[in-house]
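Chemist: Enclosed is the structure file work12.cif (mmCIF, C-alpha atoms).
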data_model
loop_
_atom_site.label_atom_id
_atom_site.label_comp_id
_atom_site.auth_asym_id
_atom_site.auth_seq_id
_atom_site.Cartn_x
_atom_site.Cartn_y
_atom_site.Cartn_z
CA MET A 1 43.85 5.62 -48.82
CA LYS A 2 41.26 6.98 -46.56
CA ASN A 3 40.24 5.66 -43.17
CA VAL A 4 38.08 2.73 -42.43
CA PHE A 5 39.51 0.24 -44.93
CA ILE A 6 42.47 0.44 -47.26
CA ILE A 7 44.24 -1.70 -49.82
CA LEU A 8 47.93 -2.34 -50.20
CA THR A 9 48.97 -4.08 -53.42
CA LEU A 10 52.43 -5.61 -53.72
CA ILE A 11 51.91 -7.29 -57.08
CA SER A 12 48.56 -6.70 -58.75
CA PHE A 13 46.48 -9.87 -59.23
CA LEU A 14 43.13 -8.46 -60.28
CA GLY A 15 40.29 -10.22 -62.01
CA CYS A 16 38.55 -9.90 -65.33
CA GLY A 17 35.70 -7.58 -66.19
CA ASN A 18 31.99 -8.37 -65.97
CA ARG A 19 30.80 -11.24 -68.07
CA LYS A 20 27.95 -10.42 -70.41
CA ASN A 21 25.67 -13.00 -68.74
CA GLU A 22 26.14 -11.67 -65.19
CA THR A 23 23.11 -10.35 -63.37
CA ILE A 24 23.67 -6.78 -62.22
CA LYS A 25 21.26 -5.29 -59.71
CA VAL A 26 22.28 -1.87 -58.43
CA SER A 27 19.91 -0.48 -55.82
CA ASP A 28 18.07 2.77 -56.52
CA SER A 29 19.63 4.35 -53.41
CA ASP A 30 23.17 3.45 -54.52
CA PHE A 31 22.57 4.78 -58.02
CA LYS A 32 21.03 8.00 -56.70
CA GLN A 33 23.98 8.49 -54.31
CA ALA A 34 26.43 7.95 -57.15
CA ALA A 35 24.70 10.28 -59.58
CA ASN A 36 24.55 12.98 -56.91
CA VAL A 37 28.20 12.79 -55.86
CA PHE A 38 29.49 12.50 -59.44
CA ALA A 39 27.69 15.77 -60.21
CA GLU A 40 29.01 17.44 -57.03
CA LEU A 41 32.57 16.33 -57.69
CA ASN A 42 32.50 17.28 -61.36
CA GLU A 43 31.26 20.78 -60.56
CA LEU A 44 33.93 21.26 -57.89
CA LEU A 45 36.81 19.96 -60.00
CA ILE A 46 35.82 22.07 -63.00
CA ARG A 47 36.11 25.16 -60.77
CA GLU A 48 39.36 23.98 -59.19
CA ASN A 49 40.83 23.18 -62.64
CA GLY A 50 43.96 21.50 -61.25
CA THR A 51 45.20 24.63 -59.46
CA LEU A 52 46.39 23.00 -56.22
CA TRP A 53 48.79 20.54 -57.87
CA ASN A 54 49.00 21.96 -61.41
CA TYR A 55 47.22 18.75 -62.39
CA LYS A 56 43.52 17.95 -62.71
CA LEU A 57 42.04 15.33 -60.39
CA ASN A 58 39.20 14.35 -62.75
CA GLY A 59 39.25 10.68 -63.69
CA PRO A 60 37.64 7.23 -63.52
CA ILE A 61 35.79 6.38 -60.29
CA LEU A 62 34.15 3.20 -58.98
CA LEU A 63 31.60 3.51 -56.18
CA VAL A 64 31.19 0.02 -54.72
CA ASN A 65 28.54 -1.52 -52.46
CA GLN A 66 30.46 -3.40 -49.76
CA VAL A 67 27.80 -6.10 -49.38
CA THR A 68 26.60 -6.81 -52.92
CA ARG A 69 29.90 -5.92 -54.69
CA THR A 70 27.93 -4.02 -57.35
CA PHE A 71 29.45 -0.76 -58.55
CA ILE A 72 28.55 2.43 -60.35
CA ALA A 73 31.31 3.97 -62.52
CA ASN A 74 31.58 7.35 -64.19
CA GLU A 75 33.50 5.82 -67.13
CA GLN A 76 33.43 2.69 -69.28
CA ASN A 77 36.30 0.21 -68.95
CA GLU A 78 38.80 -0.48 -71.73
CA LYS A 79 37.09 -3.73 -72.77
CA ASN A 80 33.71 -2.01 -72.95
CA THR A 81 32.10 -4.65 -70.72
CA PHE A 82 30.41 -2.41 -68.14
CA THR A 83 26.63 -2.07 -68.52
CA LYS A 84 25.37 1.41 -69.43
CA GLN A 85 22.68 2.77 -67.11
CA GLY A 86 21.63 6.36 -67.62
CA ASP A 87 24.73 8.55 -67.78
CA PHE A 88 26.87 6.01 -65.90
CA TYR A 89 28.02 2.40 -65.93
CA ILE A 90 27.31 -0.51 -63.59
CA GLY A 91 28.82 -3.92 -62.93
CA ASN A 92 29.80 -6.56 -60.39
CA LEU A 93 33.28 -6.30 -58.89
CA PRO A 94 35.23 -9.58 -59.22
CA GLU A 95 35.62 -11.48 -55.96
CA ASN A 96 39.41 -11.31 -56.02
CA ILE A 97 39.45 -7.49 -55.85
CA ASN A 98 39.29 -6.14 -52.31
CA ILE A 99 36.72 -3.41 -51.69
CA ALA A 100 38.24 -0.33 -50.07
CA ASN A 101 38.76 3.40 -50.27
CA THR A 102 41.83 3.44 -52.48
CA ALA A 103 43.22 3.70 -55.99
CA ILE A 104 43.60 0.49 -58.00
CA THR A 105 44.79 -0.59 -61.41
CA TRP A 106 42.18 -2.83 -62.98
CA GLU A 107 42.66 -4.13 -66.52
CA ASN A 108 45.29 -1.52 -67.38
CA LYS A 109 43.24 1.42 -66.10
CA MET A 110 43.79 3.33 -62.87
CA TRP A 111 40.60 3.82 -60.88
CA THR A 112 39.60 5.69 -57.76
CA MET A 113 37.56 3.26 -55.64
CA VAL A 114 35.29 4.45 -52.82
CA MET A 115 32.94 2.35 -50.71
CA LEU A 116 29.21 2.93 -50.46
CA PRO A 117 27.40 4.30 -48.55
CA LEU A 118 29.08 7.70 -48.68
CA PRO A 119 29.20 10.20 -45.78
CA GLU A 120 25.99 12.19 -45.33
CA SER A 121 27.86 15.51 -45.25
CA LYS A 122 28.54 16.88 -48.75
CA LYS A 123 31.94 18.27 -47.77
CA GLU A 124 32.98 15.05 -46.02
CA ARG A 125 32.10 12.87 -49.01
CA LEU A 126 33.86 15.24 -51.40
CA SER A 127 36.92 15.23 -49.14
CA LEU A 128 36.92 11.42 -49.26
CA LEU A 129 36.60 11.27 -53.04
CA ILE A 130 39.30 13.90 -53.58
CA HIS A 131 41.64 12.12 -51.14
CA GLU A 132 41.35 8.89 -53.13
CA SER A 133 41.48 10.73 -56.45
CA PHE A 134 44.79 12.24 -55.37
CA HIS A 135 46.15 8.71 -54.80
CA ARG A 136 45.22 7.98 -58.40
CA ILE A 137 47.24 10.94 -59.75
CA GLN A 138 50.01 11.23 -57.14
CA SER A 139 52.58 9.54 -59.36
CA LYS A 140 51.94 12.30 -61.92
CA VAL A 141 52.74 15.15 -59.50
CA GLY A 142 56.05 14.02 -58.03
CA PHE A 143 55.08 11.12 -55.78
CA ASP A 144 55.90 8.14 -57.95
CA ASN A 145 58.36 6.35 -55.68
CA LEU A 146 56.46 5.76 -52.45
CA SER A 147 56.99 2.91 -50.01
CA GLU A 148 55.68 2.83 -46.45
CA LEU A 149 57.90 1.88 -43.52
CA GLN A 150 56.80 0.41 -40.19
CA ASN A 151 56.24 2.77 -37.26
CA ASN A 152 56.22 0.28 -34.41
CA HIS A 153 57.60 2.93 -32.05
CA LEU A 154 54.17 4.59 -32.14
CA ASP A 155 52.77 1.62 -30.24
CA THR A 156 55.25 2.07 -27.39
CA LYS A 157 54.50 4.16 -24.31
CA ASP A 158 56.97 6.95 -25.13
CA GLY A 159 56.11 7.01 -28.82
CA ARG A 160 52.42 7.40 -28.04
CA ILE A 161 52.97 10.02 -25.31
CA TYR A 162 54.90 12.42 -27.53
CA LEU A 163 52.64 11.88 -30.52
CA LYS A 164 49.62 12.61 -28.31
CA LEU A 165 51.29 15.76 -27.03
CA GLU A 166 51.99 16.87 -30.60
CA LEU A 167 48.35 16.31 -31.55
CA ALA A 168 47.14 18.13 -28.44
CA ALA A 169 49.28 21.15 -29.34
CA LEU A 170 47.99 21.11 -32.92
CA LYS A 171 44.42 21.00 -31.65
CA GLN A 172 45.09 24.05 -29.47
CA ALA A 173 46.56 25.83 -32.50
CA LEU A 174 43.25 25.30 -34.30
CA ILE A 175 41.15 27.00 -31.63
CA THR A 176 43.23 30.11 -30.93
CA ASP A 177 43.81 33.38 -32.73
CA LYS A 178 47.57 33.03 -32.15
CA PRO A 179 48.50 29.50 -33.23
CA GLU A 180 52.24 30.02 -33.78
CA GLN A 181 53.43 29.00 -30.30
CA HIS A 182 51.25 25.90 -30.23
CA ILE A 183 52.61 24.87 -33.65
CA LYS A 184 56.18 25.28 -32.40
CA ASN A 185 55.32 23.26 -29.28
CA ALA A 186 53.89 20.54 -31.49
CA LEU A 187 57.16 20.49 -33.41
CA LEU A 188 59.09 20.36 -30.13
CA PHE A 189 57.22 17.18 -29.12
CA ARG A 190 57.77 15.77 -32.61
CA ARG A 191 61.50 16.44 -32.56
CA TYR A 192 61.78 14.97 -29.06
CA ARG A 193 60.02 11.81 -30.27
CA HIS A 194 62.44 11.58 -33.17
CA GLN A 195 65.29 12.13 -30.73
CA LEU A 196 64.12 9.12 -28.68
CA PHE A 197 63.59 6.98 -31.79
CA PRO A 198 66.34 8.01 -34.25
CA GLU A 199 64.90 6.32 -37.37
CA SER A 200 61.36 7.56 -36.76
CA ASN A 201 61.88 10.78 -38.71
CA ILE A 202 62.22 8.68 -41.85
CA SER A 203 59.60 6.03 -41.10
CA GLU A 204 56.90 8.52 -40.08
CA ASN A 205 57.63 10.58 -43.17
CA SER A 206 56.93 7.59 -45.41
CA ILE A 207 53.31 7.48 -44.17
CA GLU A 208 52.83 11.24 -43.98
CA ILE A 209 54.08 11.86 -47.52
CA ASN A 210 51.57 9.28 -48.78
CA GLU A 211 48.45 9.54 -46.61
CA GLY A 212 49.01 12.94 -45.00
CA ILE A 213 49.35 14.79 -48.29
CA ALA A 214 46.31 13.01 -49.75
CA GLU A 215 44.25 13.95 -46.69
CA PHE A 216 45.46 17.55 -46.90
CA THR A 217 44.38 17.65 -50.55
CA GLY A 218 40.92 16.24 -49.84
CA SER A 219 40.20 18.63 -46.99
CA ILE A 220 41.52 21.75 -48.73
CA LEU A 221 39.59 21.18 -51.98
CA CYS A 222 36.25 19.88 -50.67
CA GLY A 223 34.69 23.32 -50.17
CA MET A 224 35.22 23.87 -46.45
CA ASN A 225 35.83 27.41 -45.21
CA ASN A 226 38.33 28.20 -42.43
CA GLU A 227 35.83 27.55 -39.65
CA ASP A 228 34.78 24.25 -41.24
CA LEU A 229 38.41 23.18 -41.64
CA GLN A 230 39.31 23.97 -38.04
CA LYS A 231 36.36 21.90 -36.79
CA HIS A 232 37.14 19.12 -39.25
CA TYR A 233 40.80 18.89 -38.25
CA SER A 234 39.94 18.97 -34.53
CA SER A 235 37.51 16.12 -35.13
CA MET A 236 40.15 14.15 -37.07
CA ILE A 237 42.56 14.51 -34.15
CA ASP A 238 39.90 13.20 -31.76
CA ILE A 239 39.11 10.28 -34.07
CA THR A 240 42.80 9.44 -34.41
CA LEU A 241 43.32 9.48 -30.65
CA SER A 242 40.36 7.13 -30.19
CA ASN A 243 41.91 4.46 -32.45
CA PRO A 244 43.31 1.37 -30.70
CA THR A 245 46.71 2.04 -32.27
CA LEU A 246 48.38 5.05 -33.91
CA VAL A 247 51.06 3.34 -36.00
CA ARG A 248 49.48 4.35 -39.30
CA SER A 249 46.44 6.52 -38.64
CA PHE A 250 48.50 9.41 -37.18
CA ALA A 251 49.31 10.78 -40.64
CA TYR A 252 45.66 11.63 -41.33
CA ALA A 253 45.75 14.10 -38.42
CA THR A 254 49.22 15.66 -38.52
CA ILE A 255 50.09 16.80 -42.05
CA PRO A 256 46.65 18.24 -42.93
CA VAL A 257 46.89 20.62 -39.94
CA TYR A 258 50.45 21.72 -40.63
CA GLY A 259 49.56 22.02 -44.32
CA TYR A 260 46.52 24.17 -43.53
CA PHE A 261 48.57 26.66 -41.52
CA MET A 262 51.31 26.76 -44.15
CA LYS A 263 48.77 27.36 -46.92
CA ASN A 264 47.38 30.33 -44.99
CA THR A 265 50.80 31.95 -45.37
CA GLU A 266 52.07 30.47 -48.65
CA ALA A 267 49.31 29.21 -50.95
CA ASP A 268 51.54 27.01 -53.12
CA TRP A 269 53.81 25.47 -50.46
CA ASN A 270 52.77 21.98 -51.59
CA LEU A 271 54.16 22.52 -55.10
CA LYS A 272 57.66 22.52 -53.63
CA ILE A 273 57.51 18.95 -52.32
CA ASN A 274 57.91 15.51 -53.86
CA ASP A 275 58.48 11.90 -52.78
CA LYS A 276 61.99 12.75 -51.54
CA THR A 277 60.88 15.59 -49.25
CA ASN A 278 61.24 15.17 -45.50
CA LEU A 279 58.10 16.90 -44.27
CA THR A 280 59.33 17.38 -40.69
CA ASP A 281 62.40 19.28 -41.88
CA LEU A 282 60.30 21.34 -44.28
CA ILE A 283 57.69 22.22 -41.62
CA CYS A 284 60.35 23.16 -39.06
CA ASP A 285 62.05 25.43 -41.59
CA PHE A 286 58.74 26.98 -42.58
CA PHE A 287 57.83 27.95 -39.00
CA GLY A 288 61.40 28.89 -38.02
CA PHE A 289 61.62 26.10 -35.45
CA ILE A 290 65.23 25.38 -34.52
CA SER A 291 65.97 22.63 -32.01
CA SER A 292 69.16 21.39 -30.46
CA GLN A 293 69.18 18.55 -27.92
CA ILE A 294 65.79 18.70 -26.19
CA THR A 295 65.63 17.74 -22.50
CA LEU A 296 62.89 15.86 -20.68
CA ASP A 297 62.59 18.72 -18.19
CA GLU A 298 61.80 21.08 -21.07
CA ILE A 299 59.20 18.64 -22.37
CA LYS A 300 57.57 18.26 -18.96
CA LYS A 301 57.40 22.01 -18.46
CA ILE A 302 55.75 22.71 -21.82
CA GLY A 303 53.70 19.50 -21.62
CA LYS A 304 51.74 20.81 -18.63
CA THR A 305 49.77 22.97 -21.08
CA TYR A 306 48.61 19.81 -22.88
CA GLU A 307 47.77 17.50 -19.92
CA TYR A 308 51.12 15.74 -19.93
CA VAL A 309 50.48 14.04 -16.58
CA LEU A 310 47.10 12.62 -17.63
CA ILE A 311 48.52 11.36 -20.93
CA CYS A 312 51.40 9.62 -19.10
CA LYS A 313 48.96 8.03 -16.62
CA PHE A 314 46.80 6.71 -19.46
CA GLU A 315 49.81 5.29 -21.31
CA ASP A 316 51.20 3.66 -18.14
CA ASP A 317 47.89 1.85 -17.69
CA ARG A 318 47.71 0.92 -21.37
CA GLU A 319 51.22 -0.49 -21.32
CA GLN A 320 50.29 -2.96 -18.58
CA LYS A 321 47.33 -4.15 -20.63
CA GLN A 322 49.52 -4.36 -23.75
CA ILE A 323 51.98 -6.65 -22.00
CA ALA A 324 49.17 -9.12 -21.33
CA LEU A 325 47.80 -8.74 -24.87
CA ILE A 326 51.20 -9.30 -26.48
CA LYS A 327 51.71 -12.41 -24.39
CA ARG A 328 48.35 -13.78 -25.55
CA LEU A 329 49.04 -12.96 -29.21
CA LYS A 330 52.49 -14.56 -29.11
CA LYS A 331 50.94 -17.74 -27.76
CA GLN A 332 48.20 -17.63 -30.42
CA PHE A 333 50.49 -17.11 -33.41
CA LEU A 334 53.88 -18.49 -32.31
CA GLU A 335 53.12 -21.38 -29.95
CA ASP A 336 49.65 -22.79 -30.68
CA SER A 337 48.82 -24.81 -33.79
CA THR A 338 48.45 -22.43 -36.74
CA LEU A 339 47.95 -22.17 -40.49
CA VAL A 340 50.80 -20.38 -42.29
CA ILE A 341 50.35 -19.26 -45.89
CA ASN A 342 53.13 -17.82 -48.04
CA LEU A 343 52.28 -14.62 -49.91
CA GLU A 344 53.01 -14.57 -53.64
CA ASN A 345 50.93 -11.99 -55.56
CA MET A 346 49.24 -10.39 -52.59
CA ASN A 347 46.47 -7.81 -52.48
CA ILE A 348 45.40 -6.90 -48.93
CA GLY A 349 42.62 -4.79 -47.47
CA TYR A 350 42.60 -3.79 -43.79
CA ASN A 351 41.64 -1.18 -41.21
CA PRO A 352 44.59 1.20 -40.60
CA GLY A 353 43.23 2.23 -37.20
CA ASN A 354 43.64 -1.05 -35.33
CA ILE A 355 46.80 -2.77 -36.61
CA MET A 356 49.26 -3.77 -33.89
CA PRO A 357 53.01 -4.52 -34.07
CA LEU A 358 54.05 -7.81 -32.46
CA ASP A 359 57.70 -7.11 -31.61
CA SER A 360 59.92 -8.33 -34.46
CA PHE A 361 57.49 -11.07 -35.50
CA GLY A 362 55.27 -8.92 -37.72
CA THR A 363 52.01 -7.02 -37.44
CA VAL A 364 48.67 -8.29 -36.16
CA TYR A 365 45.62 -7.28 -38.19
CA PRO A 366 42.37 -7.82 -36.26
CA ASN A 367 40.48 -7.96 -39.56
CA LEU A 368 41.70 -8.18 -43.15
CA ARG A 369 41.02 -9.63 -46.59
CA ILE A 370 43.84 -11.05 -48.72
CA THR A 371 43.60 -12.24 -52.30
CA ASP A 372 46.52 -14.16 -53.78
CA ASN A 373 47.31 -16.90 -56.29
CA TRP A 374 46.07 -19.49 -53.78
CA GLY A 375 42.67 -17.90 -53.19
CA ILE A 376 40.95 -15.54 -50.74
CA LEU A 377 41.51 -15.25 -46.98
CA GLU A 378 38.98 -13.27 -44.92
CA VAL A 379 39.59 -12.52 -41.23
CA ASP A 380 36.77 -10.79 -39.35
CA SER A 381 37.82 -11.50 -35.74
CA CYS A 382 40.65 -13.11 -33.72
CA GLY A 383 43.21 -11.57 -36.08
CA ALA A 384 46.04 -12.59 -38.40
CA LEU A 385 49.81 -12.09 -38.18
CA VAL A 386 51.50 -10.75 -41.33
CA THR A 387 55.30 -11.07 -41.36
CA ASN A 388 57.46 -8.98 -43.70
CA TRP A 389 54.77 -9.14 -46.40
CA GLN A 390 55.99 -12.70 -46.97
CA ARG A 391 53.52 -14.84 -45.03
CA VAL A 392 50.27 -14.67 -43.06
CA THR A 393 49.47 -16.75 -39.97
CA VAL A 394 46.04 -17.55 -38.54
CA SER A 395 44.81 -20.03 -35.93
CA ALA A 396 44.55 -23.71 -36.82
CA PRO A 397 41.67 -24.66 -39.14
CA GLU A 398 38.58 -26.27 -37.59
CA GLN A 399 36.35 -26.86 -40.65
CA PHE A 400 37.52 -28.47 -43.88
CA SER A 401 36.35 -29.03 -47.43
CA ASP A 402 38.17 -29.21 -50.75
CA THR A 403 37.81 -25.50 -51.43
CA LEU A 404 36.66 -23.86 -48.18
CA ILE A 405 38.57 -23.99 -44.89
CA ALA A 406 37.63 -22.09 -41.73
CA GLY A 407 38.92 -21.42 -38.23
CA ARG A 408 38.20 -19.08 -35.34
CA GLY A 409 37.25 -15.77 -36.98
CA TRP A 410 38.54 -16.60 -40.47
CA LYS A 411 37.76 -18.48 -43.68
CA LEU A 412 39.92 -19.45 -46.65
CA LYS A 413 38.64 -20.12 -50.16
CA LEU A 414 41.29 -22.16 -51.99
CA ASN A 415 41.94 -22.17 -55.71
CA ASN A 416 43.07 -25.27 -57.58
CA PRO A 417 45.67 -26.74 -57.39
CA TRP A 418 46.46 -25.47 -53.86
CA LYS A 419 45.76 -27.84 -50.98
CA LEU A 420 45.92 -27.78 -47.19
CA LYS A 421 48.68 -29.87 -45.63
CA LYS A 422 49.57 -30.63 -42.00
CA VAL A 423 53.27 -30.61 -41.06
CA ASN A 424 54.53 -31.15 -37.48
CA GLY A 425 51.28 -30.05 -35.88
CA HIS A 426 50.91 -26.95 -38.03
CA TYR A 427 49.18 -26.37 -41.36
CA ILE A 428 50.43 -24.93 -44.64
CA VAL A 429 49.03 -24.35 -48.12
CA ASN A 430 50.91 -25.55 -51.18
CA LYS A 431 50.35 -26.91 -54.67
#
Take the structure I supplied and represent it as structure tokens, if you would.
Modeler:
Amino acid sequence: MKNVFIILTLISFLGCGNRKNETIKVSDSDFKQAANVFAELNELLIRENGTLWNYKLNGPILLVNQVTRTFIANEQNEKNTFTKQGDFYIGNLPENINIANTAITWENKMWTMVMLPLPESKKERLSLLIHESFHRIQSKVGFDNLSELQNNHLDTKDGRIYLKLELAALKQALITDKPEQHIKNALLFRRYRHQLFPESNISENSIEINEGIAEFTGSILCGMNNEDLQKHYSSMIDITLSNPTLVRSFAYATIPVYGYFMKNTEADWNLKINDKTNLTDLICDFFGFISSQITLDEIKKIGKTYEYVLICKFEDDREQKQIALIKRLKKQFLEDSTLVINLENMNIGYNPGNIMPLDSFGTVYPNLRITDNWGILEVDSCGALVTNWQRVTVSAPEQFSDTLIAGRGWKLKLNNPWKLKKVNGHYIVNK
């Protein structure tokens, strides 16, 4: 699920197809973009012929306008309700389906969904489409039992320091003729991080096996040469480091780089992995990296090559700001008057680059969109707290009607027969 906005579906609750009397107005620019990229992707995938995974990535794709919710598809749906236009199909995406770069099941058919407009660079847009196409087929190539774990340690000072050092070493590996030592240093920082946070080897792997492998696939197959890939991966590391938090976005920068170097030596390394593979162990074995107990002195010595002191200074300053931010968020979601909604058949879209753990209370999403049995919640500022995928909390409502409720930075469209109810100074939604 590629960066900017992603969807996580716990229990699918997707809407019906386009009604015959719906007005569908796809812009000329959207249709031209779609026709162009469908042709580019088809040509590339015919040449690739499923070689990388022993499985073809060709399949149904929806390109969706984020504002109008109109889409262009390369295939008809099962109910034959999409409108034919030229060589493709158009329609209006139902309101209760979140728009995102992802793979979704809609009316018994698995689709790759990608948001319009697409990247201007041909290779970047093909990388995006292949990344999401891999999510559509990943259950067919050994990744059919994926679940993502929380990586809250990557929002702590030490977690961030040793992830940043790992990324810095990987970036150096990309710009030198002798990358081996930088790769081993990256693995040293990774193993030290896992040493500090004993369960992190497992939790980080759950994201990397899902998003990291998809990103590796997109970048390797999109037509970039070695020079292009090195620049692309360096840019991805910079983008990742610029994100407010690293708890999920890190995987887009780590595994593609390791995978690139492994593929240069062993072209089919990826065919030996599945959803039970621990990628850290595999990568360490591949590069002959053997670690015993790693000391801080060893880390400091090697870290000097990668601006260890500057990274520590930045993270010390950030931690002080985080203390104040966490205090404010705890007051907002745990002390002030709030609206709490239980999640039943949730479908959620969010930005993976800015989510923030709030101790043991859940994760704060600065912006998200949730569809559920009770309706649609949209948060575009001020944030929402999601706890254990069981409930979502926002600030107290300030505007009311029978079907539309709004507060600071959010709005809730309620379905019948759900109603808003006030209990002990807080609000809930129930039938």
Chemist: Could you tell me, as a PyMOL selection string, exactly which residues end up selected when the PyMOL selection byres ((chain A and resi 129) around 8) is applied to this structure?
Modeler: chain A and resi 41+112+114+125-128+130-133+218
Chemist: Residues picked by the PyMOL selection byres ((chain A and resi 196) around 12) here, as an NGL selection string?
Modeler: :A and (153-154 or 156-163 or 189-195 or 197-201 or 293-296)
Chemist: Name the closest residue to Pro256 of chain A among the candidates A:Gly425, A:Gly212, A:Gly86, A:Pro417; distances are taken between atoms, counting only C-alpha atoms.
Modeler: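 Once distances to Pro256 of chain A are computed over only C-alpha atoms, the minimum belongs to A:Gly212.
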Chemist: Could you list the residues chosen by the PyMOL selection byres ((chain A and resi 182) around 8) in this structure as a ChimeraX atom specification?
Modeler: /A:169-170,172-173,179-181,183-186
Chemist: Hey, can you check how far atom CA of Tyr365 of chain A sits from atom CA of Thr393 of chain A?
Modeler: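 Here the two named atoms are 10.4 Å from each other.
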Chemist: Just how far from atom CA of Leu368 of chain A is atom CA of Asn416 of chain A, in Å to one decimal?
Modeler: 22.4 Å
Chemist: Show me, as a PDB file with C-alpha atoms, in the frame of the given file, the residues that have an atom within 9 Å of Val247 of chain A when counting all atoms listed in the file, minus same-chain residues fewer than 3 positions from it.
Modeler:
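The new file result-v5.pdb reads:
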ATOM      1  CA  GLN A 150      56.800   0.410 -40.190  1.00  0.00           C
ATOM      2  CA  ASN A 151      56.240   2.770 -37.260  1.00  0.00           C
ATOM      3  CA  ASN A 152      56.220   0.280 -34.410  1.00  0.00           C
ATOM      4  CA  HIS A 153      57.600   2.930 -32.050  1.00  0.00           C
ATOM      5  CA  LEU A 154      54.170   4.590 -32.140  1.00  0.00           C
ATOM      6  CA  ASP A 155      52.770   1.620 -30.240  1.00  0.00           C
ATOM      7  CA  GLU A 204      56.900   8.520 -40.080  1.00  0.00           C
ATOM      8  CA  PHE A 250      48.500   9.410 -37.180  1.00  0.00           C
ATOM      9  CA  ALA A 251      49.310  10.780 -40.640  1.00  0.00           C
ATOM     10  CA  PRO A 352      44.590   1.200 -40.600  1.00  0.00           C
ATOM     11  CA  GLY A 353      43.230   2.230 -37.200  1.00  0.00           C
ATOM     12  CA  ASN A 354      43.640  -1.050 -35.330  1.00  0.00           C
ATOM     13  CA  ILE A 355      46.800  -2.770 -36.610  1.00  0.00           C
ATOM     14  CA  MET A 356      49.260  -3.770 -33.890  1.00  0.00           C
ATOM     15  CA  PRO A 357      53.010  -4.520 -34.070  1.00  0.00           C
TER      16      PRO A 357
END
Chemist: A:Asp228, A:Glu148, A:Glu211, A:Asp380: which is nearest Ala253 of chain A, counting all atoms listed in the file?
Modeler: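 Among A:Asp228, A:Glu148, A:Glu211, A:Asp380, it is A:Glu211 that comes nearest to Ala253 of chain A.
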Chemist: Counting only C-alpha atoms, which residue out of A:Asn415, A:Asn270, A:Asn351, A:Asn243 sits closest to Ile255 of chain A?
Modeler: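 Of the candidates, the smallest distance to Ile255 of chain A is held by A:Asn270.
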Chemist: Quick one: distance from atom CA of Met115 of chain A to atom CA of Val64 of chain A in Å, one decimal?
Modeler: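 Taking atom CA of Met115 of chain A and atom CA of Val64 of chain A, their separation equals 5.0 Å.
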Chemist: Nearest to Tyr308 of chain A among A:Tyr252, A:Leu165, A:Val26, A:Leu52, with distances taken over all atoms listed in the file: which residue is it?
Modeler: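 Nearest to Tyr308 of chain A: A:Leu165.
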Chemist: Using only C-alpha atoms, find the one residue out of A:Ser219, A:Asn225, A:Thr280, A:Ser395 that sits nearest to Glu335 of chain A.
Modeler: A:Ser395
Chemist: Find the residue from A:Leu146, A:Ala73, A:Leu325, A:Ala214 that sits nearest to Leu57 of chain A; use only C-alpha atoms when measuring.
Modeler: A:Ala214
Chemist: Leaving out Phe143 of chain A and any residue of its chain fewer than 6 positions from it, which residues lie within 9 Å of it when counting only C-alpha atoms, given as a list in words?
Modeler: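 Counting only the stated atoms, we get Ile137, Ile209, Asn210, Ile273, Asn274, Asp275 and Lys276 of chain A.
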Chemist: Segment 135-143 of chain A, all listed atoms, 5 Å padding on each side: what axis-aligned box centre and edge lengths in Å to one decimal come out, as JSON?
Modeler:
{"center_x": 50.6, "center_y": 11.6, "center_z": -58.4, "size_x": 20.8, "size_y": 17.2, "size_z": 17.1}
Chemist: Name the residues in contact with Phe286 of chain A at a cut-off of 12 Å, using all atoms listed in the file, excluding same-chain residues fewer than 4 positions from it; report them as a PyMOL selection string.
Modeler: chain A and resi 180+183-184+187+258-259+261-263+265-266+269-270+272+279-282+290
Chemist: As a PyMOL selection string, please: the residues near segment 229-240 of chain A (cut-off 7 Å, all atoms listed in the file, same-chain neighbours under 6 positions excluded).
Modeler: chain A and resi 167+171+174+249-250+253+257
